[in-house]
Structures are given as C-alpha cells and as structure tokens.
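Trainee: My file is work_39.txt. It has compact mmCIF, N, CA, C and O atoms and all ligand atoms:
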# COMPACT_ATOMS: atom_id res chain seq x y z
N MET V 1 3.03 -32.51 -11.51
CA MET V 1 3.37 -32.84 -10.13
C MET V 1 2.43 -32.10 -9.17
O MET V 1 2.26 -30.90 -9.26
N GLU V 2 1.81 -32.83 -8.28
CA GLU V 2 0.88 -32.24 -7.32
C GLU V 2 1.64 -31.65 -6.14
O GLU V 2 2.57 -32.24 -5.62
N MET V 3 1.21 -30.48 -5.71
CA MET V 3 1.81 -29.86 -4.53
C MET V 3 0.90 -30.05 -3.33
O MET V 3 -0.31 -30.05 -3.48
N SER V 4 1.50 -30.18 -2.16
CA SER V 4 0.70 -30.27 -0.93
C SER V 4 0.13 -28.88 -0.65
O SER V 4 0.64 -27.88 -1.14
N PRO V 5 -0.93 -28.79 0.17
CA PRO V 5 -1.50 -27.48 0.51
C PRO V 5 -0.45 -26.54 1.10
O PRO V 5 -0.47 -25.34 0.83
N GLU V 6 0.48 -27.09 1.88
CA GLU V 6 1.54 -26.26 2.48
C GLU V 6 2.46 -25.71 1.40
O GLU V 6 2.85 -24.54 1.43
N GLU V 7 2.79 -26.56 0.44
CA GLU V 7 3.67 -26.12 -0.65
C GLU V 7 2.98 -25.07 -1.52
O GLU V 7 3.60 -24.12 -1.97
N MET V 8 1.69 -25.28 -1.75
CA MET V 8 0.91 -24.31 -2.54
C MET V 8 0.91 -22.95 -1.86
O MET V 8 1.08 -21.92 -2.51
N GLU V 9 0.72 -22.94 -0.56
CA GLU V 9 0.69 -21.70 0.21
C GLU V 9 2.04 -20.99 0.15
O GLU V 9 2.11 -19.78 -0.04
N LYS V 10 3.11 -21.76 0.28
CA LYS V 10 4.46 -21.21 0.21
C LYS V 10 4.71 -20.58 -1.15
O LYS V 10 5.26 -19.50 -1.28
N LYS V 11 4.32 -21.31 -2.19
CA LYS V 11 4.52 -20.85 -3.55
C LYS V 11 3.71 -19.58 -3.81
O LYS V 11 4.17 -18.64 -4.44
N LYS V 12 2.51 -19.56 -3.29
CA LYS V 12 1.64 -18.40 -3.44
C LYS V 12 2.29 -17.16 -2.82
O LYS V 12 2.32 -16.09 -3.42
N GLU V 13 2.85 -17.32 -1.62
CA GLU V 13 3.53 -16.20 -0.95
C GLU V 13 4.74 -15.75 -1.74
O GLU V 13 5.02 -14.55 -1.86
N MET V 14 5.47 -16.70 -2.33
CA MET V 14 6.64 -16.38 -3.16
C MET V 14 6.20 -15.55 -4.37
O MET V 14 6.79 -14.52 -4.69
N VAL V 15 5.12 -15.99 -5.02
CA VAL V 15 4.61 -15.30 -6.21
C VAL V 15 4.20 -13.87 -5.85
O VAL V 15 4.58 -12.91 -6.52
N ILE V 16 3.45 -13.73 -4.76
CA ILE V 16 2.99 -12.40 -4.35
C ILE V 16 4.18 -11.49 -4.02
O ILE V 16 4.20 -10.32 -4.40
N SER V 17 5.20 -12.06 -3.36
CA SER V 17 6.34 -11.23 -2.96
C SER V 17 7.14 -10.73 -4.15
O SER V 17 7.77 -9.68 -4.09
N LYS V 18 7.12 -11.47 -5.26
CA LYS V 18 7.91 -11.07 -6.44
C LYS V 18 7.08 -10.35 -7.49
O LYS V 18 7.62 -9.81 -8.46
N CYS V 19 5.78 -10.38 -7.34
CA CYS V 19 4.87 -9.83 -8.35
C CYS V 19 5.11 -8.34 -8.61
O CYS V 19 5.30 -7.57 -7.67
N ILE V 20 5.12 -7.96 -9.90
CA ILE V 20 5.33 -6.55 -10.26
C ILE V 20 4.06 -5.92 -10.85
O ILE V 20 4.11 -4.85 -11.47
N CYS V 21 2.92 -6.57 -10.66
CA CYS V 21 1.64 -6.06 -11.18
C CYS V 21 1.38 -4.60 -10.81
O CYS V 21 0.81 -3.85 -11.60
N ASN V 22 1.78 -4.20 -9.61
CA ASN V 22 1.45 -2.83 -9.20
C ASN V 22 2.25 -1.77 -9.93
O ASN V 22 2.03 -0.59 -9.74
N SER V 23 3.18 -2.20 -10.83
CA SER V 23 3.88 -1.23 -11.67
C SER V 23 3.34 -1.27 -13.09
O SER V 23 3.90 -0.66 -14.00
N CYS V 24 2.27 -1.99 -13.30
CA CYS V 24 1.69 -2.19 -14.64
C CYS V 24 0.69 -1.09 -14.97
O CYS V 24 -0.04 -0.63 -14.10
N PRO V 25 0.64 -0.66 -16.25
CA PRO V 25 -0.33 0.39 -16.63
C PRO V 25 -1.79 -0.05 -16.45
O PRO V 25 -2.67 0.81 -16.33
N SER V 26 -2.05 -1.34 -16.43
CA SER V 26 -3.42 -1.82 -16.25
C SER V 26 -3.84 -1.89 -14.78
O SER V 26 -5.01 -2.06 -14.47
N TRP V 27 -2.85 -1.76 -13.89
CA TRP V 27 -3.11 -1.92 -12.45
C TRP V 27 -4.11 -0.91 -11.92
O TRP V 27 -4.04 0.27 -12.22
N VAL V 28 -5.05 -1.38 -11.14
CA VAL V 28 -6.01 -0.53 -10.43
C VAL V 28 -5.85 -0.85 -8.95
O VAL V 28 -5.90 -2.01 -8.55
N GLU V 29 -5.63 0.17 -8.15
CA GLU V 29 -5.42 -0.05 -6.72
C GLU V 29 -6.74 -0.29 -5.99
O GLU V 29 -7.61 0.57 -5.98
N CYS V 30 -6.90 -1.48 -5.47
CA CYS V 30 -8.12 -1.76 -4.69
C CYS V 30 -7.80 -2.73 -3.55
O CYS V 30 -8.64 -3.53 -3.15
N GLY V 31 -6.55 -2.65 -3.09
CA GLY V 31 -6.18 -3.48 -1.95
C GLY V 31 -5.77 -4.90 -2.29
O GLY V 31 -5.57 -5.71 -1.40
N GLU V 32 -5.63 -5.20 -3.59
CA GLU V 32 -5.21 -6.55 -3.97
C GLU V 32 -3.69 -6.65 -3.95
O GLU V 32 -2.99 -5.65 -3.98
N LYS V 33 -3.19 -7.91 -3.94
CA LYS V 33 -1.75 -8.11 -3.83
C LYS V 33 -1.11 -8.60 -5.12
O LYS V 33 0.08 -8.89 -5.15
N GLY V 34 -1.89 -8.76 -6.18
CA GLY V 34 -1.32 -9.28 -7.42
C GLY V 34 -1.22 -10.78 -7.40
O GLY V 34 -1.97 -11.45 -6.69
N GLY V 35 -0.25 -11.32 -8.16
CA GLY V 35 -0.06 -12.78 -8.20
C GLY V 35 -1.16 -13.50 -8.97
O GLY V 35 -1.41 -14.68 -8.76
N PHE V 36 -1.78 -12.78 -9.89
CA PHE V 36 -2.94 -13.32 -10.60
C PHE V 36 -2.63 -14.54 -11.49
O PHE V 36 -3.53 -15.27 -11.88
N CYS V 37 -1.36 -14.73 -11.80
CA CYS V 37 -0.97 -15.90 -12.60
C CYS V 37 -1.13 -17.20 -11.82
O CYS V 37 -1.22 -18.28 -12.39
N PHE V 38 -1.16 -17.11 -10.50
CA PHE V 38 -1.19 -18.31 -9.66
C PHE V 38 -2.62 -18.80 -9.46
O PHE V 38 -3.52 -18.00 -9.18
N GLN V 39 -2.80 -20.09 -9.58
CA GLN V 39 -4.17 -20.64 -9.64
C GLN V 39 -5.03 -20.44 -8.40
O GLN V 39 -6.24 -20.38 -8.51
N THR V 40 -4.39 -20.34 -7.22
CA THR V 40 -5.23 -20.17 -6.03
C THR V 40 -5.55 -18.70 -5.76
O THR V 40 -6.26 -18.38 -4.81
N ILE V 41 -5.03 -17.79 -6.58
CA ILE V 41 -5.32 -16.37 -6.40
C ILE V 41 -6.46 -15.93 -7.32
O ILE V 41 -7.43 -15.34 -6.89
N GLY V 42 -6.33 -16.25 -8.57
CA GLY V 42 -7.43 -15.94 -9.48
C GLY V 42 -7.47 -14.50 -9.95
O GLY V 42 -6.58 -13.70 -9.64
N LYS V 43 -8.49 -14.17 -10.70
CA LYS V 43 -8.60 -12.87 -11.36
C LYS V 43 -8.74 -11.71 -10.37
O LYS V 43 -9.11 -11.90 -9.23
N SER V 44 -8.47 -10.53 -10.90
CA SER V 44 -8.67 -9.31 -10.11
C SER V 44 -10.15 -8.98 -10.07
O SER V 44 -10.89 -9.24 -11.02
N SER V 45 -10.57 -8.38 -8.99
CA SER V 45 -11.97 -7.96 -8.92
C SER V 45 -12.14 -6.50 -9.32
O SER V 45 -13.24 -6.00 -9.37
N CYS V 46 -11.02 -5.82 -9.63
CA CYS V 46 -11.15 -4.40 -10.00
C CYS V 46 -10.45 -4.04 -11.30
O CYS V 46 -10.78 -3.02 -11.90
N ILE V 47 -9.49 -4.83 -11.76
CA ILE V 47 -8.83 -4.54 -13.04
C ILE V 47 -9.66 -5.14 -14.16
O ILE V 47 -9.95 -6.33 -14.15
N ASN V 48 -10.09 -4.32 -15.10
CA ASN V 48 -10.86 -4.89 -16.21
C ASN V 48 -10.56 -4.25 -17.56
O ASN V 48 -11.23 -4.51 -18.54
N GLU V 49 -9.55 -3.38 -17.58
CA GLU V 49 -9.18 -2.75 -18.84
C GLU V 49 -7.74 -3.09 -19.19
O GLU V 49 -6.83 -2.90 -18.36
N LYS V 50 -7.50 -3.58 -20.40
CA LYS V 50 -6.15 -3.95 -20.83
C LYS V 50 -5.39 -2.73 -21.33
O LYS V 50 -5.65 -2.24 -22.42
N LYS V 51 -4.46 -2.26 -20.53
CA LYS V 51 -3.66 -1.08 -20.91
C LYS V 51 -2.19 -1.46 -21.02
O LYS V 51 -1.32 -0.61 -20.95
N GLY V 52 -1.90 -2.74 -21.13
CA GLY V 52 -0.53 -3.24 -21.16
C GLY V 52 -0.37 -4.25 -20.04
O GLY V 52 -1.11 -4.21 -19.06
N CYS V 53 0.59 -5.18 -20.23
CA CYS V 53 0.85 -6.20 -19.22
C CYS V 53 2.35 -6.36 -19.09
O CYS V 53 3.05 -6.58 -20.08
N VAL V 54 2.87 -6.22 -17.88
CA VAL V 54 4.31 -6.29 -17.66
C VAL V 54 4.77 -7.66 -17.13
O VAL V 54 5.92 -7.82 -16.74
N CYS V 55 3.87 -8.64 -17.16
CA CYS V 55 4.20 -9.97 -16.65
C CYS V 55 5.48 -10.55 -17.27
O CYS V 55 6.24 -11.22 -16.58
N GLY V 56 5.70 -10.28 -18.55
CA GLY V 56 6.88 -10.80 -19.24
C GLY V 56 8.19 -10.38 -18.58
O GLY V 56 9.21 -11.05 -18.72
N GLY V 57 8.17 -9.27 -17.85
CA GLY V 57 9.38 -8.78 -17.20
C GLY V 57 9.46 -9.17 -15.73
O GLY V 57 10.36 -8.74 -15.02
N CYS V 58 8.53 -9.96 -15.27
CA CYS V 58 8.47 -10.36 -13.86
C CYS V 58 9.34 -11.60 -13.63
O CYS V 58 9.33 -12.51 -14.45
N PRO V 59 10.07 -11.65 -12.51
CA PRO V 59 10.91 -12.84 -12.24
C PRO V 59 10.10 -14.14 -12.18
O PRO V 59 10.60 -15.20 -12.54
N VAL V 60 8.84 -14.03 -11.74
CA VAL V 60 7.98 -15.23 -11.64
C VAL V 60 7.70 -15.81 -13.03
O VAL V 60 7.58 -17.03 -13.19
N TYR V 61 7.63 -14.93 -14.01
CA TYR V 61 7.29 -15.37 -15.37
C TYR V 61 8.30 -16.39 -15.90
O TYR V 61 7.94 -17.44 -16.42
N ALA V 62 9.58 -16.08 -15.73
CA ALA V 62 10.64 -16.99 -16.17
C ALA V 62 10.73 -18.20 -15.24
O ALA V 62 10.83 -19.33 -15.69
N GLU V 63 10.66 -17.92 -13.97
CA GLU V 63 10.81 -18.96 -12.96
C GLU V 63 9.77 -20.06 -13.09
O GLU V 63 10.06 -21.24 -12.91
N MET V 64 8.53 -19.68 -13.41
CA MET V 64 7.46 -20.66 -13.50
C MET V 64 7.12 -21.01 -14.95
O MET V 64 6.11 -21.66 -15.22
N ASP V 65 7.98 -20.55 -15.87
CA ASP V 65 7.82 -20.88 -17.28
C ASP V 65 6.40 -20.53 -17.78
O ASP V 65 5.73 -21.34 -18.41
N LEU V 66 5.98 -19.32 -17.51
CA LEU V 66 4.63 -18.88 -17.88
C LEU V 66 4.57 -18.55 -19.38
O LEU V 66 5.57 -18.19 -19.98
N GLN V 67 3.39 -18.67 -19.96
CA GLN V 67 3.24 -18.45 -21.40
C GLN V 67 2.11 -17.52 -21.78
O GLN V 67 1.91 -17.22 -22.95
N ASN V 68 1.34 -17.06 -20.81
CA ASN V 68 0.21 -16.20 -21.13
C ASN V 68 0.41 -14.79 -20.58
O ASN V 68 1.51 -14.43 -20.21
N GLU V 69 -0.64 -14.00 -20.57
CA GLU V 69 -0.57 -12.63 -20.05
C GLU V 69 -1.96 -12.21 -19.58
O GLU V 69 -2.91 -12.97 -19.68
N TYR V 70 -2.06 -11.00 -19.06
CA TYR V 70 -3.32 -10.47 -18.54
C TYR V 70 -4.02 -11.45 -17.60
O TYR V 70 -5.23 -11.68 -17.71
N TYR V 71 -3.25 -11.98 -16.69
CA TYR V 71 -3.81 -12.93 -15.71
C TYR V 71 -4.89 -12.27 -14.84
O TYR V 71 -5.83 -12.94 -14.42
N CYS V 72 -4.74 -10.97 -14.62
CA CYS V 72 -5.71 -10.25 -13.78
C CYS V 72 -7.11 -10.28 -14.38
O CYS V 72 -8.10 -10.24 -13.67
N ILE V 73 -7.17 -10.33 -15.71
CA ILE V 73 -8.46 -10.29 -16.42
C ILE V 73 -8.83 -11.66 -16.98
O ILE V 73 -9.99 -12.07 -16.93
N GLN V 74 -7.83 -12.37 -17.48
CA GLN V 74 -8.11 -13.62 -18.19
C GLN V 74 -8.00 -14.88 -17.34
O GLN V 74 -8.34 -15.96 -17.79
N GLY V 75 -7.50 -14.71 -16.13
CA GLY V 75 -7.37 -15.85 -15.23
C GLY V 75 -5.95 -16.39 -15.18
O GLY V 75 -5.09 -16.00 -15.97
N SER V 76 -5.73 -17.31 -14.27
CA SER V 76 -4.39 -17.85 -14.00
C SER V 76 -3.81 -18.59 -15.21
O SER V 76 -4.52 -18.92 -16.15
N GLU V 77 -2.52 -18.86 -15.13
CA GLU V 77 -1.84 -19.63 -16.18
C GLU V 77 -2.58 -20.96 -16.43
O GLU V 77 -2.85 -21.33 -17.56
N LYS V 78 -2.92 -21.63 -15.35
CA LYS V 78 -3.58 -22.93 -15.45
C LYS V 78 -4.95 -22.77 -16.15
O LYS V 78 -5.29 -23.54 -17.04
N GLU V 79 -5.68 -21.77 -15.71
CA GLU V 79 -7.01 -21.51 -16.27
C GLU V 79 -6.93 -21.21 -17.77
O GLU V 79 -7.71 -21.73 -18.57
N GLN V 80 -5.95 -20.37 -18.15
CA GLN V 80 -5.82 -20.00 -19.56
C GLN V 80 -5.35 -21.17 -20.40
O GLN V 80 -5.75 -21.32 -21.55
N LYS V 81 -4.50 -22.01 -19.82
CA LYS V 81 -4.02 -23.19 -20.55
C LYS V 81 -5.16 -24.16 -20.82
O LYS V 81 -5.28 -24.74 -21.89
N MET V 82 -6.02 -24.31 -19.83
CA MET V 82 -7.14 -25.24 -19.97
C MET V 82 -8.17 -24.75 -20.97
O MET V 82 -8.88 -25.54 -21.57
N ALA V 83 -8.24 -23.42 -21.12
CA ALA V 83 -9.23 -22.84 -22.04
C ALA V 83 -8.80 -22.94 -23.49
O ALA V 83 -9.58 -22.68 -24.41
N LYS V 84 -7.53 -23.32 -23.73
CA LYS V 84 -7.02 -23.35 -25.10
C LYS V 84 -7.34 -24.66 -25.82
O LYS V 84 -7.54 -25.66 -25.19
S1 LIG G 1 3.77 -13.02 -13.74
FE1 LIG G 1 2.40 -11.25 -13.64
S2 LIG G 1 0.72 -11.86 -12.30
FE2 LIG G 1 2.37 -13.31 -12.03
S3 LIG G 1 3.50 -12.54 -10.28
FE3 LIG G 1 4.49 -11.71 -12.10
S4 LIG G 1 3.56 -9.74 -12.50
FE4 LIG G 1 2.24 -10.82 -11.04
S1 LIG G 2 -1.51 -9.59 -14.76
FE1 LIG G 2 -0.42 -8.44 -16.33
S2 LIG G 2 -1.95 -6.92 -17.00
FE2 LIG G 2 -2.64 -7.69 -15.05
S3 LIG G 2 -1.84 -6.24 -13.55
FE3 LIG G 2 -0.40 -7.95 -13.70
S4 LIG G 2 1.12 -7.25 -15.17
FE4 LIG G 2 -0.67 -5.97 -15.43
Show this structure as structure tokens.
Mentor:
Amino acid sequence: MEMSPEEMEKKKEMVISKCICNSCPSWVECGEKGGFCFQTIGKSSCINEKKGCVCGGCPVYAEMDLQNEYYCIQGSEKEQKMAK
C-alpha cells in the first residue's frame, strides 16, 4: 500500500518519537534522532560498530512487523528486505 507524502511524514515522526535507539549499546551520539528502520530516514552517519541491537524491544518493531536489525548500519527494513 502506497502512502502519501503527508502520511509518510506522519509515520516518520511517529517512528522517531517511539524509537529507543539512544538506549542501545551501539548508539553513538552525533545529533541523530534514530528511526533508522524507516525508509525515508536511512542509515546512521556515525554508528558503525555492532555492539548489540535493541530494536526487538522497541514498540515500533511489533507495530510495523519488522524482521531485521541493525538498521543504523545495514539500512532500513525496506532496504534490507530488497537486498535478500
Ligand atoms: S525499531 Fe529500532 S530503529 Fe526502528 S524505531 Fe525502534 S529502535 Fe529505532
Ligand atoms: S538500529 Fe538497532 S543497533 Fe542501531 S542504534 Fe538502533 S537499536 Fe541500536
């Protein structure tokens, strides 16, 4: 199902507001807001070491039926699905 640009923006804000990335051992503080699982946000520009991923415990993970991890390094859910 395609979302309108307005819906995408709303969803993006929802994802960022619920994101728990900043409590993750892999998190590096560089002014980013997280939400890396969402396709319009994309990878982190400063996180590059896998020290654990807490996405599985994030409300967004269940809500959006996510199946991957390390979105900050490996790219969004959509990106990782397409690469498989
Ligand atoms: S699933 Fe991971 S990347 Fe996506 S909002 Fe939650 S903690 Fe952030
Ligand atoms: S995407 Fe996963 S590994 Fe990356 S910061 Fe968020 S919780 Fe941690």
Trainee: Using only N, CA, C and O atoms, which residues sit within 7 Å of Glu69 of chain V once same-chain residues fewer than 6 positions away are excluded, as a PyMOL selection string?
Mentor: chain V and resi 53+55-56+75
Trainee: Counting all atoms listed in the file, what are the residues of chain V within 5 Å of ligand LIG 2 (chain G), and for each of them which pair of atoms is the nearest and at what distance in Å, to one decimal? Sort the table by chain and rising number, as CSV.
Mentor:
residue,atom,partner,partner_atom,distance
V:Cys21,CA,G:LIG2,FE3,3.8
V:Cys24,CA,G:LIG2,FE4,4.5
V:Ser26,N,G:LIG2,FE4,4.9
V:Trp27,N,G:LIG2,S3,4.6
V:Gly52,O,G:LIG2,S2,3.5
V:Cys53,CA,G:LIG2,S2,3.6
V:Val54,N,G:LIG2,S4,3.4
V:Cys55,N,G:LIG2,S4,3.7
V:Tyr70,N,G:LIG2,FE1,4.1
V:Tyr71,N,G:LIG2,S1,3.5
V:Cys72,N,G:LIG2,S1,3.5
Trainee: Using only N, CA, C and O atoms and all ligand atoms, find each protein or nucleic acid residue lying at most 4.5 Å from ligand LIG 1 (chain G); present the set as a compact mmCIF listing (two decimals) with N, CA, C and O atoms, keeping the file's coordinate frame.
Mentor:
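Saved the output as part_26.txt:
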# COMPACT_ATOMS: atom_id res chain seq x y z
N VAL V 15 5.12 -15.99 -5.02
CA VAL V 15 4.61 -15.30 -6.21
C VAL V 15 4.20 -13.87 -5.85
O VAL V 15 4.58 -12.91 -6.52
N CYS V 19 5.78 -10.38 -7.34
CA CYS V 19 4.87 -9.83 -8.35
C CYS V 19 5.11 -8.34 -8.61
O CYS V 19 5.30 -7.57 -7.67
N ILE V 20 5.12 -7.96 -9.90
CA ILE V 20 5.33 -6.55 -10.26
C ILE V 20 4.06 -5.92 -10.85
O ILE V 20 4.11 -4.85 -11.47
N CYS V 21 2.92 -6.57 -10.66
CA CYS V 21 1.64 -6.06 -11.18
C CYS V 21 1.38 -4.60 -10.81
O CYS V 21 0.81 -3.85 -11.60
N GLY V 35 -0.25 -11.32 -8.16
CA GLY V 35 -0.06 -12.78 -8.20
C GLY V 35 -1.16 -13.50 -8.97
O GLY V 35 -1.41 -14.68 -8.76
N PHE V 36 -1.78 -12.78 -9.89
CA PHE V 36 -2.94 -13.32 -10.60
C PHE V 36 -2.63 -14.54 -11.49
O PHE V 36 -3.53 -15.27 -11.88
N CYS V 37 -1.36 -14.73 -11.80
CA CYS V 37 -0.97 -15.90 -12.60
C CYS V 37 -1.13 -17.20 -11.82
O CYS V 37 -1.22 -18.28 -12.39
N CYS V 55 3.87 -8.64 -17.16
CA CYS V 55 4.20 -9.97 -16.65
C CYS V 55 5.48 -10.55 -17.27
O CYS V 55 6.24 -11.22 -16.58
N TYR V 61 7.63 -14.93 -14.01
CA TYR V 61 7.29 -15.37 -15.37
C TYR V 61 8.30 -16.39 -15.90
O TYR V 61 7.94 -17.44 -16.42
Trainee: Quick one, how far is atom N of Gly42 of chain V from atom O of Gln74 of chain V?
Mentor: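 So the two atoms, atom N of Gly42 of chain V and atom O of Gln74 of chain V, lie 9.4 Å apart.
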Trainee: Run DSSP on the backbone and give me the residues of chain V it puts in alpha helix (DSSP H), as a PyMOL selection string.
Mentor: chain V and resi 5-18+59-63+71-74+77-82
Trainee: Go ahead and save the picked residues with N, CA, C and O atoms, as a short mmCIF file (atom, residue, chain, number, x, y, z; two decimals), in the frame of the given file.
Mentor:
data_model
loop_
_atom_site.label_atom_id
_atom_site.label_comp_id
_atom_site.auth_asym_id
_atom_site.auth_seq_id
_atom_site.Cartn_x
_atom_site.Cartn_y
_atom_site.Cartn_z
N PRO V 5 -0.93 -28.79 0.17
CA PRO V 5 -1.50 -27.48 0.51
C PRO V 5 -0.45 -26.54 1.10
O PRO V 5 -0.47 -25.34 0.83
N GLU V 6 0.48 -27.09 1.88
CA GLU V 6 1.54 -26.26 2.48
C GLU V 6 2.46 -25.71 1.40
O GLU V 6 2.85 -24.54 1.43
N GLU V 7 2.79 -26.56 0.44
CA GLU V 7 3.67 -26.12 -0.65
C GLU V 7 2.98 -25.07 -1.52
O GLU V 7 3.60 -24.12 -1.97
N MET V 8 1.69 -25.28 -1.75
CA MET V 8 0.91 -24.31 -2.54
C MET V 8 0.91 -22.95 -1.86
O MET V 8 1.08 -21.92 -2.51
N GLU V 9 0.72 -22.94 -0.56
CA GLU V 9 0.69 -21.70 0.21
C GLU V 9 2.04 -20.99 0.15
O GLU V 9 2.11 -19.78 -0.04
N LYS V 10 3.11 -21.76 0.28
CA LYS V 10 4.46 -21.21 0.21
C LYS V 10 4.71 -20.58 -1.15
O LYS V 10 5.26 -19.50 -1.28
N LYS V 11 4.32 -21.31 -2.19
CA LYS V 11 4.52 -20.85 -3.55
C LYS V 11 3.71 -19.58 -3.81
O LYS V 11 4.17 -18.64 -4.44
N LYS V 12 2.51 -19.56 -3.29
CA LYS V 12 1.64 -18.40 -3.44
C LYS V 12 2.29 -17.16 -2.82
O LYS V 12 2.32 -16.09 -3.42
N GLU V 13 2.85 -17.32 -1.62
CA GLU V 13 3.53 -16.20 -0.95
C GLU V 13 4.74 -15.75 -1.74
O GLU V 13 5.02 -14.55 -1.86
N MET V 14 5.47 -16.70 -2.33
CA MET V 14 6.64 -16.38 -3.16
C MET V 14 6.20 -15.55 -4.37
O MET V 14 6.79 -14.52 -4.69
N VAL V 15 5.12 -15.99 -5.02
CA VAL V 15 4.61 -15.30 -6.21
C VAL V 15 4.20 -13.87 -5.85
O VAL V 15 4.58 -12.91 -6.52
N ILE V 16 3.45 -13.73 -4.76
CA ILE V 16 2.99 -12.40 -4.35
C ILE V 16 4.18 -11.49 -4.02
O ILE V 16 4.20 -10.32 -4.40
N SER V 17 5.20 -12.06 -3.36
CA SER V 17 6.34 -11.23 -2.96
C SER V 17 7.14 -10.73 -4.15
O SER V 17 7.77 -9.68 -4.09
N LYS V 18 7.12 -11.47 -5.26
CA LYS V 18 7.91 -11.07 -6.44
C LYS V 18 7.08 -10.35 -7.49
O LYS V 18 7.62 -9.81 -8.46
N PRO V 59 10.07 -11.65 -12.51
CA PRO V 59 10.91 -12.84 -12.24
C PRO V 59 10.10 -14.14 -12.18
O PRO V 59 10.60 -15.20 -12.54
N VAL V 60 8.84 -14.03 -11.74
CA VAL V 60 7.98 -15.23 -11.64
C VAL V 60 7.70 -15.81 -13.03
O VAL V 60 7.58 -17.03 -13.19
N TYR V 61 7.63 -14.93 -14.01
CA TYR V 61 7.29 -15.37 -15.37
C TYR V 61 8.30 -16.39 -15.90
O TYR V 61 7.94 -17.44 -16.42
N ALA V 62 9.58 -16.08 -15.73
CA ALA V 62 10.64 -16.99 -16.17
C ALA V 62 10.73 -18.20 -15.24
O ALA V 62 10.83 -19.33 -15.69
N GLU V 63 10.66 -17.92 -13.97
CA GLU V 63 10.81 -18.96 -12.96
C GLU V 63 9.77 -20.06 -13.09
O GLU V 63 10.06 -21.24 -12.91
N TYR V 71 -3.25 -11.98 -16.69
CA TYR V 71 -3.81 -12.93 -15.71
C TYR V 71 -4.89 -12.27 -14.84
O TYR V 71 -5.83 -12.94 -14.42
N CYS V 72 -4.74 -10.97 -14.62
CA CYS V 72 -5.71 -10.25 -13.78
C CYS V 72 -7.11 -10.28 -14.38
O CYS V 72 -8.10 -10.24 -13.67
N ILE V 73 -7.17 -10.33 -15.71
CA ILE V 73 -8.46 -10.29 -16.42
C ILE V 73 -8.83 -11.66 -16.98
O ILE V 73 -9.99 -12.07 -16.93
N GLN V 74 -7.83 -12.37 -17.48
CA GLN V 74 -8.11 -13.62 -18.19
C GLN V 74 -8.00 -14.88 -17.34
O GLN V 74 -8.34 -15.96 -17.79
N GLU V 77 -2.52 -18.86 -15.13
CA GLU V 77 -1.84 -19.63 -16.18
C GLU V 77 -2.58 -20.96 -16.43
O GLU V 77 -2.85 -21.33 -17.56
N LYS V 78 -2.92 -21.63 -15.35
CA LYS V 78 -3.58 -22.93 -15.45
C LYS V 78 -4.95 -22.77 -16.15
O LYS V 78 -5.29 -23.54 -17.04
N GLU V 79 -5.68 -21.77 -15.71
CA GLU V 79 -7.01 -21.51 -16.27
C GLU V 79 -6.93 -21.21 -17.77
O GLU V 79 -7.71 -21.73 -18.57
N GLN V 80 -5.95 -20.37 -18.15
CA GLN V 80 -5.82 -20.00 -19.56
C GLN V 80 -5.35 -21.17 -20.40
O GLN V 80 -5.75 -21.32 -21.55
N LYS V 81 -4.50 -22.01 -19.82
CA LYS V 81 -4.02 -23.19 -20.55
C LYS V 81 -5.16 -24.16 -20.82
O LYS V 81 -5.28 -24.74 -21.89
N MET V 82 -6.02 -24.31 -19.83
CA MET V 82 -7.14 -25.24 -19.97
C MET V 82 -8.17 -24.75 -20.97
O MET V 82 -8.88 -25.54 -21.57
#
Trainee: Quick check, in Å to one decimal: how far apart do atom O of Val60 of chain V and atom CA of Lys18 of chain V lie?
Mentor: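 Those two atoms sit 9.0 Å apart.
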Trainee: Which polymer residues have any atom within 10 Å of an atom of Cys46 of chain V, counting only C-alpha atoms, with same-chain residues fewer than 4 positions away left out, as a CSV table (one decimal) with N, CA, C and O atoms, in the coordinates of the input?
Mentor:
chain,number,residue,atom,x,y,z
V,27,TRP,N,-2.8,-1.8,-13.9
V,27,TRP,CA,-3.1,-1.9,-12.4
V,27,TRP,C,-4.1,-0.9,-11.9
V,27,TRP,O,-4.0,0.3,-12.2
V,28,VAL,N,-5.0,-1.4,-11.1
V,28,VAL,CA,-6.0,-0.5,-10.4
V,28,VAL,C,-5.8,-0.8,-9.0
V,28,VAL,O,-5.9,-2.0,-8.6
V,29,GLU,N,-5.6,0.2,-8.2
V,29,GLU,CA,-5.4,0.0,-6.7
V,29,GLU,C,-6.7,-0.3,-6.0
V,29,GLU,O,-7.6,0.6,-6.0
V,30,CYS,N,-6.9,-1.5,-5.5
V,30,CYS,CA,-8.1,-1.8,-4.7
V,30,CYS,C,-7.8,-2.7,-3.6
V,30,CYS,O,-8.6,-3.5,-3.2
V,31,GLY,N,-6.6,-2.6,-3.1
V,31,GLY,CA,-6.2,-3.5,-2.0
V,31,GLY,C,-5.8,-4.9,-2.3
V,31,GLY,O,-5.6,-5.7,-1.4
V,32,GLU,N,-5.6,-5.2,-3.6
V,32,GLU,CA,-5.2,-6.6,-4.0
V,32,GLU,C,-3.7,-6.6,-4.0
V,32,GLU,O,-3.0,-5.6,-4.0
V,72,CYS,N,-4.7,-11.0,-14.6
V,72,CYS,CA,-5.7,-10.2,-13.8
V,72,CYS,C,-7.1,-10.3,-14.4
V,72,CYS,O,-8.1,-10.2,-13.7
V,73,ILE,N,-7.2,-10.3,-15.7
V,73,ILE,CA,-8.5,-10.3,-16.4
V,73,ILE,C,-8.8,-11.7,-17.0
V,73,ILE,O,-10.0,-12.1,-16.9
Trainee: So the first atom is atom CA of Lys12 of chain V and the second is atom CA of Met82 of chain V; what is the distance between them in Å, to one decimal place?
Mentor: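 Pair atom CA of Lys12 of chain V / atom CA of Met82 of chain V returns 19.9 Å.
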Trainee: For Lys50 of chain V, which residue out of V:Gly34, V:Ser76, V:Pro25, V:Asp65 is the nearest one, using only N, CA, C and O atoms?
Mentor: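 Using only N, CA, C and O atoms, the shortest distance to Lys50 of chain V belongs to V:Pro25.
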